[in-house]
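What follows is the content of target-v7.tsv, which has TSV, C-alpha atoms and all ligand atoms:
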```
chain	number	residue	atom	x	y	z
A	281	MET	CA	11.70	67.61	11.54
A	282	GLY	CA	15.30	68.00	10.46
A	283	VAL	CA	18.26	69.17	12.45
A	284	ASP	CA	21.20	70.67	10.59
A	285	PHE	CA	24.44	69.60	12.26
A	286	GLY	CA	26.48	71.05	9.42
A	287	GLU	CA	26.74	67.72	7.56
A	288	PRO	CA	27.08	68.01	3.78
A	289	HIS	CA	23.98	65.97	2.99
A	290	PHE	CA	21.56	67.97	5.13
A	291	ASP	CA	18.37	68.24	3.12
A	292	GLY	CA	17.16	71.73	4.01
A	293	GLU	CA	13.75	71.27	2.40
A	294	LEU	CA	13.32	67.79	3.88
A	295	HIS	CA	12.43	66.77	0.36
A	296	GLU	CA	13.57	63.16	0.65
A	297	LEU	CA	11.94	62.65	4.04
A	298	GLY	CA	8.72	64.00	2.52
A	299	LEU	CA	8.96	61.51	-0.35
A	300	LEU	CA	9.66	58.68	2.05
A	301	ALA	CA	6.62	59.67	4.14
A	302	GLN	CA	4.50	59.80	1.01
A	303	THR	CA	5.71	56.36	-0.07
A	304	ALA	CA	4.72	55.08	3.38
A	305	GLY	CA	1.22	56.49	2.83
A	306	MET	CA	1.54	59.64	4.95
A	307	GLN	CA	1.15	63.26	4.05
A	308	ALA	CA	3.47	65.97	5.31
A	309	VAL	CA	1.51	68.86	6.83
A	310	ALA	CA	4.41	70.90	8.20
A	311	ARG	CA	8.18	70.98	8.09
A	312	VAL	CA	10.52	72.29	10.75
A	313	THR	CA	14.28	72.60	10.60
A	314	CYS	CA	16.83	74.05	12.98
A	315	LYS	CA	20.58	74.25	13.45
A	316	ARG	CA	22.46	72.70	16.34
A	317	ARG	CA	26.03	71.86	17.06
A	318	ALA	CA	25.17	68.54	18.66
A	319	PRO	CA	21.99	66.65	19.52
A	320	ASP	CA	20.49	67.25	22.92
A	321	ALA	CA	21.02	64.06	24.92
A	322	ALA	CA	17.45	63.92	26.20
A	323	LEU	CA	15.27	65.44	23.49
A	324	PHE	CA	17.55	65.58	20.43
A	325	VAL	CA	16.40	69.22	19.98
A	326	GLY	CA	16.27	71.95	22.61
A	327	SER	CA	13.20	72.18	24.83
A	328	GLY	CA	12.16	75.49	23.20
A	329	LYS	CA	12.22	73.82	19.78
A	330	ALA	CA	10.25	70.89	21.14
A	331	ASP	CA	7.54	73.34	22.30
A	332	GLU	CA	7.50	74.93	18.88
A	333	ILE	CA	7.08	71.53	17.20
A	334	LYS	CA	4.25	70.71	19.57
A	335	GLN	CA	2.37	73.94	18.82
A	336	LEU	CA	2.84	73.53	15.08
A	337	ALA	CA	1.73	69.91	15.24
A	338	ILE	CA	-1.48	70.90	17.02
A	339	GLN	CA	-2.17	73.77	14.60
A	340	SER	CA	-1.62	71.66	11.51
A	341	GLY	CA	-3.48	68.60	12.78
A	342	ALA	CA	-0.40	66.33	12.66
A	343	ARG	CA	-0.76	62.85	14.07
A	344	GLU	CA	2.87	61.84	14.06
A	345	ILE	CA	6.28	63.49	14.08
A	346	LEU	CA	9.05	62.19	11.83
A	347	PHE	CA	12.70	63.02	12.38
A	348	ASP	CA	15.14	62.98	9.48
A	349	GLN	CA	17.92	61.76	11.73
A	350	SER	CA	18.22	58.64	13.84
A	351	LEU	CA	16.94	59.04	17.38
A	352	SER	CA	18.24	57.01	20.25
A	353	PRO	CA	15.59	54.90	21.99
A	354	SER	CA	15.59	57.24	25.00
A	355	GLN	CA	15.34	60.40	22.88
A	356	GLN	CA	12.41	58.86	21.05
A	357	ARG	CA	10.71	57.97	24.34
A	358	ASN	CA	11.33	61.42	25.83
A	359	LEU	CA	10.05	63.17	22.72
A	360	GLU	CA	6.89	61.07	22.69
A	361	ARG	CA	6.24	62.02	26.27
A	362	CYS	CA	6.90	65.68	25.63
A	363	LEU	CA	5.02	65.97	22.31
A	364	GLU	CA	2.22	63.60	23.30
A	365	MET	CA	2.16	61.85	19.95
A	366	PRO	CA	4.11	59.11	18.16
A	367	VAL	CA	7.62	60.14	17.19
A	368	ASN	CA	9.60	58.13	14.67
A	369	ASP	CA	12.85	58.49	12.78
A	370	ARG	CA	14.04	57.98	9.22
A	371	THR	CA	15.31	54.47	9.95
A	372	PHE	CA	11.90	53.42	11.21
A	373	LEU	CA	10.23	54.98	8.19
A	374	ILE	CA	12.48	53.10	5.76
A	375	LEU	CA	11.80	49.86	7.61
A	376	GLU	CA	8.06	50.59	7.45
A	377	ILE	CA	8.20	51.13	3.69
A	378	PHE	CA	10.16	47.95	3.17
A	379	ALA	CA	7.64	46.08	5.33
A	380	GLN	CA	4.72	47.44	3.29
A	381	ARG	CA	6.30	46.78	-0.05
A	382	ALA	CA	8.04	43.43	0.35
A	383	ARG	CA	6.33	40.93	-1.94
A	384	SER	CA	8.48	37.85	-2.26
A	385	HIS	CA	8.87	35.32	0.50
A	386	GLU	CA	12.55	36.18	0.76
A	387	GLY	CA	11.91	39.92	0.82
A	388	LYS	CA	9.36	39.55	3.60
A	389	LEU	CA	11.74	37.47	5.68
A	390	GLN	CA	14.55	39.99	5.17
A	391	VAL	CA	12.40	42.90	6.26
A	392	GLU	CA	11.09	40.97	9.25
A	393	LEU	CA	14.64	40.27	10.35
A	394	ALA	CA	15.66	43.92	10.02
A	395	ARG	CA	12.61	45.08	11.97
A	396	LEU	CA	13.20	42.57	14.73
A	397	GLN	CA	16.78	43.73	15.04
A	398	TYR	CA	15.68	47.37	15.23
A	399	LEU	CA	13.04	46.46	17.79
A	400	SER	CA	15.41	44.43	19.91
A	401	THR	CA	17.67	47.43	20.59
A	402	ARG	CA	14.65	49.60	21.39
A	403	LEU	CA	13.02	47.06	23.65
A	404	VAL	CA	16.06	46.11	25.58
A	405	ARG	CA	16.91	49.72	26.22
A	406	ARG	CA	13.32	50.62	26.88
A	407	TRP	CA	13.45	48.36	29.90
A	408	SER	CA	16.91	49.34	31.04
A	409	HIS	CA	15.63	51.94	33.52
A	410	LEU	CA	13.80	49.12	35.31
A	411	GLU	CA	16.94	47.04	35.22
A	412	ARG	CA	18.74	49.81	37.04
A	413	GLN	CA	16.00	50.10	39.61
A	414	SER	CA	16.25	46.42	40.32
A	415	GLY	CA	19.98	46.76	41.02
A	416	GLY	CA	21.19	47.42	44.53
A	417	ILE	CA	24.00	45.64	46.25
A	418	GLY	CA	23.48	41.93	46.69
A	419	MET	CA	20.02	42.07	45.16
A	420	ARG	CA	18.96	39.89	42.31
A	421	GLY	CA	15.75	40.04	40.40
A	422	GLY	CA	13.41	42.98	40.75
A	423	PRO	CA	10.40	44.42	39.05
A	424	GLY	CA	11.80	44.69	35.54
A	425	GLU	CA	14.04	41.74	35.21
A	426	THR	CA	11.56	39.00	34.36
A	427	GLN	CA	9.94	41.15	31.74
A	428	ILE	CA	13.25	42.14	30.18
A	429	GLU	CA	14.35	38.54	30.04
A	430	LEU	CA	11.06	37.44	28.52
A	431	ASP	CA	11.14	40.14	25.86
A	432	ARG	CA	14.75	39.48	25.04
A	433	ARG	CA	14.22	35.78	24.79
A	434	MET	CA	11.11	36.16	22.68
A	435	ILE	CA	12.78	38.50	20.21
A	436	SER	CA	16.01	36.57	19.97
A	437	GLU	CA	14.01	33.36	19.36
A	438	GLN	CA	12.11	35.11	16.59
A	439	ILE	CA	15.36	36.45	15.12
A	440	LYS	CA	16.85	32.98	15.17
A	441	ARG	CA	13.82	31.41	13.48
A	442	THR	CA	13.71	34.10	10.77
A	443	ARG	CA	17.45	33.69	10.13
A	444	GLU	CA	17.03	29.94	9.70
A	445	ARG	CA	14.20	30.40	7.24
A	446	LEU	CA	16.26	32.94	5.32
A	447	VAL	CA	19.21	30.58	5.08
A	448	LYS	CA	16.95	28.02	3.40
A	449	VAL	CA	15.62	30.55	0.89
A	450	LYS	CA	19.13	31.80	0.19
A	451	ARG	CA	20.30	28.28	-0.54
A	452	GLN	CA	17.60	27.91	-3.19
A	453	ARG	CA	18.52	31.23	-4.73
A	454	ASN	CA	22.20	30.31	-4.83
A	455	THR	CA	21.40	27.10	-6.65
A	456	GLN	CA	19.46	29.06	-9.26
A	457	ARG	CA	22.31	31.53	-9.63
A	458	ARG	CA	24.94	28.83	-9.94
A	459	SER	CA	23.04	27.23	-12.78
A	460	ARG	CA	23.08	30.60	-14.54
A	461	GLU	CA	26.79	30.98	-13.85
A	462	ARG	CA	27.49	27.55	-15.26
A	463	SER	CA	25.89	28.58	-18.49
A	464	ASP	CA	28.60	31.24	-18.66
A	465	VAL	CA	26.27	34.08	-19.42
A	466	PHE	CA	27.57	37.64	-19.03
A	467	THR	CA	25.64	39.20	-16.18
A	468	ASP	CA	25.07	42.81	-15.38
A	469	SER	CA	23.00	44.49	-12.69
A	470	LEU	CA	21.31	47.86	-12.60
A	471	ILE	CA	22.14	49.53	-9.34
A	472	GLY	CA	21.80	53.08	-8.10
A	473	TYR	CA	20.12	55.53	-5.79
A	474	THR	CA	16.40	55.04	-5.33
A	475	ASN	CA	14.27	56.76	-7.99
A	476	ALA	CA	17.19	57.06	-10.45
A	477	GLY	CA	15.18	55.24	-13.11
A	478	LYS	CA	16.63	51.71	-12.94
A	479	SER	CA	13.32	49.93	-13.50
A	480	THR	CA	12.35	52.26	-16.33
A	481	LEU	CA	15.69	51.55	-18.00
A	482	PHE	CA	15.34	47.83	-17.34
A	483	ASN	CA	11.92	47.85	-18.97
A	484	ALA	CA	13.20	49.79	-21.94
A	485	LEU	CA	16.12	47.40	-22.41
A	486	VAL	CA	14.32	44.08	-22.04
A	487	LYS	CA	10.74	45.14	-22.71
A	488	ALA	CA	9.77	43.68	-19.36
A	489	ARG	CA	7.22	45.14	-17.04
A	490	SER	CA	9.09	45.91	-13.86
A	491	TYR	CA	7.25	48.21	-11.47
A	492	ALA	CA	8.47	51.75	-12.02
A	493	ALA	CA	6.97	54.65	-10.12
A	494	ASP	CA	7.81	58.07	-8.83
A	495	GLN	CA	8.28	56.88	-5.31
A	496	LEU	CA	11.22	55.70	-3.28
A	497	PHE	CA	11.85	51.96	-3.16
A	498	ALA	CA	9.41	51.10	-5.91
A	499	THR	CA	11.46	47.94	-6.45
A	500	LEU	CA	12.32	45.64	-3.59
A	501	ASP	CA	13.03	42.32	-5.22
A	502	THR	CA	15.62	41.52	-7.81
A	503	THR	CA	14.21	40.70	-11.24
A	504	THR	CA	16.47	39.03	-13.79
A	505	ARG	CA	15.82	38.74	-17.53
A	506	GLN	CA	17.73	37.64	-20.56
A	507	MET	CA	18.51	40.41	-23.00
A	508	TYR	CA	19.28	39.61	-26.62
A	509	LEU	CA	21.96	41.70	-28.28
A	510	ALA	CA	21.64	41.62	-32.04
A	511	GLU	CA	25.08	43.22	-32.43
A	512	THR	CA	26.82	40.07	-31.22
A	513	SER	CA	23.94	37.59	-31.52
A	514	THR	CA	24.30	36.80	-27.85
A	515	SER	CA	22.10	36.94	-24.80
A	516	ILE	CA	23.21	38.48	-21.56
A	517	SER	CA	21.53	38.42	-18.20
A	518	ILE	CA	20.39	41.70	-16.69
A	519	SER	CA	18.96	42.33	-13.20
A	520	ASP	CA	16.95	45.18	-11.75
A	521	THR	CA	17.68	45.66	-8.06
A	522	VAL	CA	16.51	47.52	-4.97
A	523	GLY	CA	17.49	51.19	-4.83
A	524	PHE	CA	20.01	52.54	-2.36
A	525	ILE	CA	19.50	55.50	-0.07
A	526	ARG	CA	21.75	57.41	2.29
A	527	ASP	CA	21.96	56.08	5.83
A	528	LEU	CA	20.30	52.82	4.86
A	529	PRO	CA	19.53	51.11	8.16
A	530	HIS	CA	22.24	48.63	8.96
A	531	GLY	CA	19.89	45.75	9.55
A	532	LEU	CA	18.54	46.31	6.07
A	533	ILE	CA	21.95	46.21	4.44
A	534	ASP	CA	22.59	42.86	6.06
A	535	ALA	CA	19.15	41.61	5.27
A	536	PHE	CA	19.28	42.75	1.69
A	537	GLN	CA	22.64	41.25	1.02
A	538	ALA	CA	20.79	38.18	-0.22
A	539	THR	CA	18.69	40.18	-2.64
A	540	LEU	CA	21.79	42.04	-3.72
A	541	GLN	CA	23.71	38.81	-4.29
A	542	GLU	CA	22.75	39.24	-7.90
A	543	ALA	CA	24.56	42.58	-7.94
A	544	ILE	CA	27.52	41.29	-5.97
A	545	SER	CA	28.16	38.51	-8.45
A	546	ALA	CA	27.62	40.54	-11.63
A	547	ASP	CA	30.33	41.00	-14.26
A	548	LEU	CA	29.39	44.62	-14.67
A	549	LEU	CA	27.37	47.12	-12.65
A	550	LEU	CA	25.28	49.63	-14.56
A	551	HIS	CA	25.28	52.41	-12.01
A	552	VAL	CA	22.19	54.45	-12.90
A	553	VAL	CA	22.32	58.10	-11.84
A	554	ASP	CA	19.49	60.65	-11.94
A	555	ALA	CA	21.40	63.33	-13.84
A	556	ALA	CA	18.52	65.77	-13.40
A	557	ASN	CA	18.80	65.65	-9.63
A	558	GLU	CA	21.23	68.30	-8.44
A	559	GLU	CA	22.18	66.08	-5.54
A	560	PHE	CA	23.58	63.42	-7.86
A	561	PRO	CA	27.23	63.66	-6.68
A	562	LEU	CA	26.10	62.90	-3.13
A	563	GLN	CA	23.90	60.10	-4.37
A	564	ILE	CA	26.82	58.54	-6.26
A	565	ALA	CA	28.90	58.73	-3.07
A	566	GLN	CA	26.13	57.07	-1.08
A	567	VAL	CA	25.80	54.26	-3.61
A	568	GLN	CA	29.56	53.70	-3.49
A	569	GLU	CA	29.34	53.43	0.27
A	570	VAL	CA	26.63	50.77	0.15
A	571	LEU	CA	28.60	48.89	-2.53
A	572	ARG	CA	31.57	48.86	-0.20
A	573	GLU	CA	29.42	47.54	2.62
A	574	ILE	CA	28.09	44.67	0.56
A	575	GLY	CA	31.51	43.89	-0.91
A	576	ALA	CA	30.70	44.94	-4.48
A	577	ASP	CA	32.91	48.00	-4.84
A	578	GLN	CA	35.53	46.19	-6.92
A	579	ILE	CA	33.13	45.17	-9.68
A	580	PRO	CA	33.63	47.15	-12.90
A	581	GLN	CA	31.05	49.88	-13.39
A	582	LEU	CA	29.47	51.82	-16.19
A	583	LEU	CA	27.84	55.07	-15.12
A	584	VAL	CA	24.51	55.55	-16.85
A	585	PHE	CA	23.45	59.17	-16.44
A	586	ASN	CA	19.70	58.96	-16.92
A	587	LYS	CA	16.88	61.49	-17.40
A	588	ILE	CA	18.79	63.74	-19.79
A	589	ASP	CA	15.43	64.74	-21.27
A	590	ALA	CA	14.71	66.48	-17.96
A	591	LEU	CA	17.93	68.51	-17.99
A	592	PRO	CA	17.73	72.24	-18.65
A	593	SER	CA	19.40	73.05	-21.96
A	594	GLU	CA	22.50	74.60	-20.35
A	595	ARG	CA	23.19	71.33	-18.53
A	596	ARG	CA	22.73	69.03	-21.52
A	597	PRO	CA	25.92	67.09	-22.37
A	598	GLN	CA	27.69	67.81	-25.63
A	599	LEU	CA	29.14	64.34	-25.77
A	600	MET	CA	26.90	61.40	-25.00
A	601	GLN	CA	29.85	59.29	-23.85
A	602	ASP	CA	32.84	60.19	-21.73
A	603	THR	CA	34.41	59.25	-18.43
A	604	PHE	CA	33.63	60.55	-14.96
A	605	GLU	CA	35.76	60.39	-11.85
A	606	VAL	CA	34.44	58.27	-9.02
A	607	GLU	CA	36.68	57.98	-5.97
A	608	GLY	CA	39.79	58.80	-7.95
A	609	GLN	CA	39.04	56.38	-10.79
A	610	GLN	CA	37.89	57.31	-14.27
A	611	VAL	CA	34.69	55.38	-14.92
A	612	PRO	CA	33.09	55.23	-18.38
A	613	ARG	CA	29.86	57.17	-18.59
A	614	LEU	CA	26.94	57.17	-21.00
A	615	PHE	CA	24.07	59.63	-21.05
A	616	VAL	CA	20.61	58.24	-21.69
A	617	SER	CA	16.96	58.88	-21.24
A	618	ALA	CA	15.12	55.71	-20.32
A	619	GLN	CA	11.92	57.62	-21.05
A	620	SER	CA	12.65	59.00	-24.51
A	621	LEU	CA	15.01	56.07	-25.28
A	622	ASP	CA	17.77	58.49	-26.21
A	623	GLY	CA	21.22	56.93	-25.90
A	624	LEU	CA	19.94	53.36	-25.54
A	625	PRO	CA	21.46	52.05	-28.81
A	626	ALA	CA	24.87	53.18	-27.55
A	627	LEU	CA	24.25	51.44	-24.25
A	628	ARG	CA	23.33	48.20	-26.03
A	629	GLN	CA	26.45	48.52	-28.13
A	630	PHE	CA	28.57	48.99	-25.05
A	631	LEU	CA	27.05	45.90	-23.46
A	632	ALA	CA	27.57	43.87	-26.62
A	633	ARG	CA	31.23	44.89	-26.81
A	634	ARG	CA	31.75	44.33	-23.11
A	635	SER	CA	30.11	40.93	-23.04
A	636	SER	CA	32.06	39.65	-25.98
A	637	ALA	CA	35.29	40.64	-24.26
A	638	LEU	CA	36.51	38.24	-21.60
A	639	ARG	CA	34.25	38.03	-18.59
A	640	GLY	CA	35.45	39.63	-15.37
A	641	THR	CA	38.67	41.07	-16.71
A	642	GLY	CA	38.71	44.02	-14.34
A	643	ARG	CA	37.89	47.63	-15.07
A	644	VAL	CA	36.28	48.75	-18.25
A	645	SER	CA	38.67	50.89	-20.20
A	646	PRO	CA	37.44	54.05	-21.89
A	647	ASP	CA	38.52	52.47	-25.21
A	648	GLU	CA	35.73	49.96	-24.86
A	649	LEU	CA	33.30	52.82	-25.04
A	650	GLY	CA	34.60	53.65	-28.47
A	651	VAL	CA	35.46	57.18	-27.41
A	652	GLU	CA	39.06	57.11	-28.67
A	653	ASP	CA	38.34	59.86	-31.17
A	654	ASP	CA	37.04	62.08	-28.44
A	655	THR	CA	40.09	62.07	-26.23
A	656	GLY	CA	41.09	65.59	-25.55
A	657	THR	CA	37.63	66.93	-26.25
A	658	ILE	CA	36.21	68.59	-23.20
A	659	ASN	CA	32.68	67.61	-22.45
A	660	GLN	CA	30.71	70.72	-21.71
A	661	TYR	CA	28.24	68.85	-19.54
A	662	ARG	CA	28.14	70.79	-16.30
A	663	ASP	CA	28.54	68.53	-13.30
A	664	CYS	CA	27.16	70.42	-10.35
A	701	LIG	N1	12.09	62.52	-17.18
A	701	LIG	C1	12.48	61.27	-17.00
A	701	LIG	N2	11.94	60.55	-15.99
A	701	LIG	C2	12.35	59.26	-15.83
A	701	LIG	C3	13.33	58.68	-16.69
A	701	LIG	N3	13.56	57.42	-16.25
A	701	LIG	C4	12.74	57.24	-15.20
A	701	LIG	N4	12.02	58.33	-14.92
A	701	LIG	C5	11.02	58.52	-13.85
A	701	LIG	O1	11.66	58.44	-12.59
A	701	LIG	C6	10.80	57.80	-11.64
A	701	LIG	C7	11.51	56.63	-10.98
A	701	LIG	O2	11.71	55.63	-11.95
A	701	LIG	P1	11.97	54.10	-11.55
A	701	LIG	O3	12.34	53.41	-12.83
A	701	LIG	O4	10.86	53.56	-10.73
A	701	LIG	O5	13.26	54.30	-10.63
A	701	LIG	P2	14.06	53.16	-9.82
A	701	LIG	O6	15.51	53.57	-9.85
A	701	LIG	O7	13.73	51.81	-10.33
A	701	LIG	O8	13.50	53.41	-8.36
A	701	LIG	P3	13.45	52.39	-7.10
A	701	LIG	O9	12.96	51.07	-7.59
A	701	LIG	O10	12.50	53.09	-6.21
A	701	LIG	O11	14.83	52.34	-6.57
A	701	LIG	C8	9.54	57.41	-12.41
A	701	LIG	O12	8.57	58.41	-12.19
A	701	LIG	C9	9.99	57.40	-13.85
A	701	LIG	O13	8.93	57.69	-14.74
A	701	LIG	C10	13.87	59.49	-17.74
A	701	LIG	O14	14.72	59.09	-18.55
A	701	LIG	N5	13.40	60.77	-17.84
A	702	MG	MG	12.91	50.23	-9.36
```

Can I see the file as structure tokens?
Amino acid sequence: MGVDFGEPHFDGELHELGLLAQTAGMQAVARVTCKRRAPDAALFVGSGKADEIKQLAIQSGAREILFDQSLSPSQQRNLERCLEMPVNDRTFLILEIFAQRARSHEGKLQVELARLQYLSTRLVRRWSHLERQSGGIGMRGGPGETQIELDRRMISEQIKRTRERLVKVKRQRNTQRRSRERSDVFTDSLIGYTNAGKSTLFNALVKARSYAADQLFATLDTTTRQMYLAETSTSISISDTVGFIRDLPHGLIDAFQATLQEAISADLLLHVVDAANEEFPLQIAQVQEVLREIGADQIPQLLVFNKIDALPSERRPQLMQDTFEVEGQQVPRLFVSAQSLDGLPALRQFLARRSSALRGTGRVSPDELGVEDDTGTINQYRDC
């Protein structure tokens, strides 16, 4: 179920929500969208629409309703009562996927923390109607209060314990990272929207076997490998990281800051973009937003426009290297196909040149791409 409030990123086909559901092991049996100016306070949608959803759900044998937007705890509760089946939102779905897919000890702890935080707001508010009932002038206690207190205490204890365990794991990770830093190795991280092809590119560059799949959040943990560059006879360190997505639940951003430490402390970010996805400008904007939130927006970037093999011929670039404007800045851009390996030698060359230059010297200039001769040439690649 998606409600169009006139926001630019409204996904009319609910394509991404469908992919998320699939990744979580569900199958979409029906899709409903509607337009509204603002969410209904009680039901998020109008009561007529809610009836329509209910009928469609019965007809198509649905067992759960997923909303593309975030529902407030009371809207979720009201909808469940009205539709007589579980109702969840995108945030919950993303948390579910992360919970299913987390493999490392650290990843599991991070997801647990994010889920507890999500739950704590739901639980506390779920009981708030009882809290109100127990009010009354001069009255203390009441039917709900003990339960609310117990739940709150239980969850906040659990949150505290998980945080403490995470701090320990983080400390170990920091020690490992510092030893890498001391060795003065140039580090770069592959970042980008989920499903852009980061792991496929990582595998192609270092011949590793990182899990790559046509699903969202295939990668949850950071993997780091050394990559030998024959051009300069040096090794650099390269990391594959978790993919970003729009409206990433806040708890997850906090929780994944540890995993993304690798990205935050990189000398260069290889921002991988799925050039074949028409939504790529929005995806770039979303990635920039997450980078800002984790404090990594000042790190120099190279845009790697991937999947050029999947581009229709009229959208194929004429130049394989140019610059592209991101938030008012010209950022160097390379076109590659991690699948057909097209453009990878140029990428390796770029990394060799970049790593032999001084580490952390600010933005990468277009000169470093070796595109001096092309200045003035207009790249015919059509950015949609
Ligand atoms: N056609 C084409 N498909 C590609 C290319 N690179 C990756 N893919 C496909 O895109 C899908 C996602 O690839 P991944 O490498 O798992 O993407 P990712 O960015 O690591 O995704 P997450 O880990 O989920 O964030 C897979 O089905 C890949 O086979 C490419 O150059 N061309
Ligand atoms: Mg991946």

Open item on the list: Please identify all protein, DNA and RNA residues within 6 Å of ligand LIG 701 (chain A), counting only C-alpha atoms and all ligand atoms, and report them as JSON, numbers by chain.
Closed with: {"A": [474, 475, 476, 477, 478, 479, 480, 492, 493, 494, 495, 496, 497, 498, 499, 522, 523, 586, 587, 589, 590, 617, 618, 619]}

Task: Nearest candidate to ligand MG 702 (chain A) (options A:Gln629, A:Gln566, A:Gln610, A:Thr502; using all atoms listed in the file) - done: A:Thr502

Expected axis-aligned box over every listed atom of stretch 390-397 of chain A, 3 Å added per side, centre plus edges in Å to one decimal, as lines of an AutoDock Vina configuration file:
```
center_x = 13.9
center_y = 42.5
center_z = 10.1
size_x = 11.7
size_y = 11.1
size_z = 15.9
```

Open item on the list: To one decimal place in Å, what is the distance between atom CA of A:Leu470 and atom CA of A:Thr455?
Closed with: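 Rounded to one decimal, the two atoms are 21.6 Å apart.
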
Task: Two-atom distance - atom CA of A:Arg526, atom CA of A:Pro353 (Å) - done: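 These atoms are spaced 20.8 Å apart.
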
TODO: For atom CA of A:Arg633 and atom CA of A:Leu509, determine how far apart the two atoms are, in Å to one decimal place.
DONE: 9.9 Å
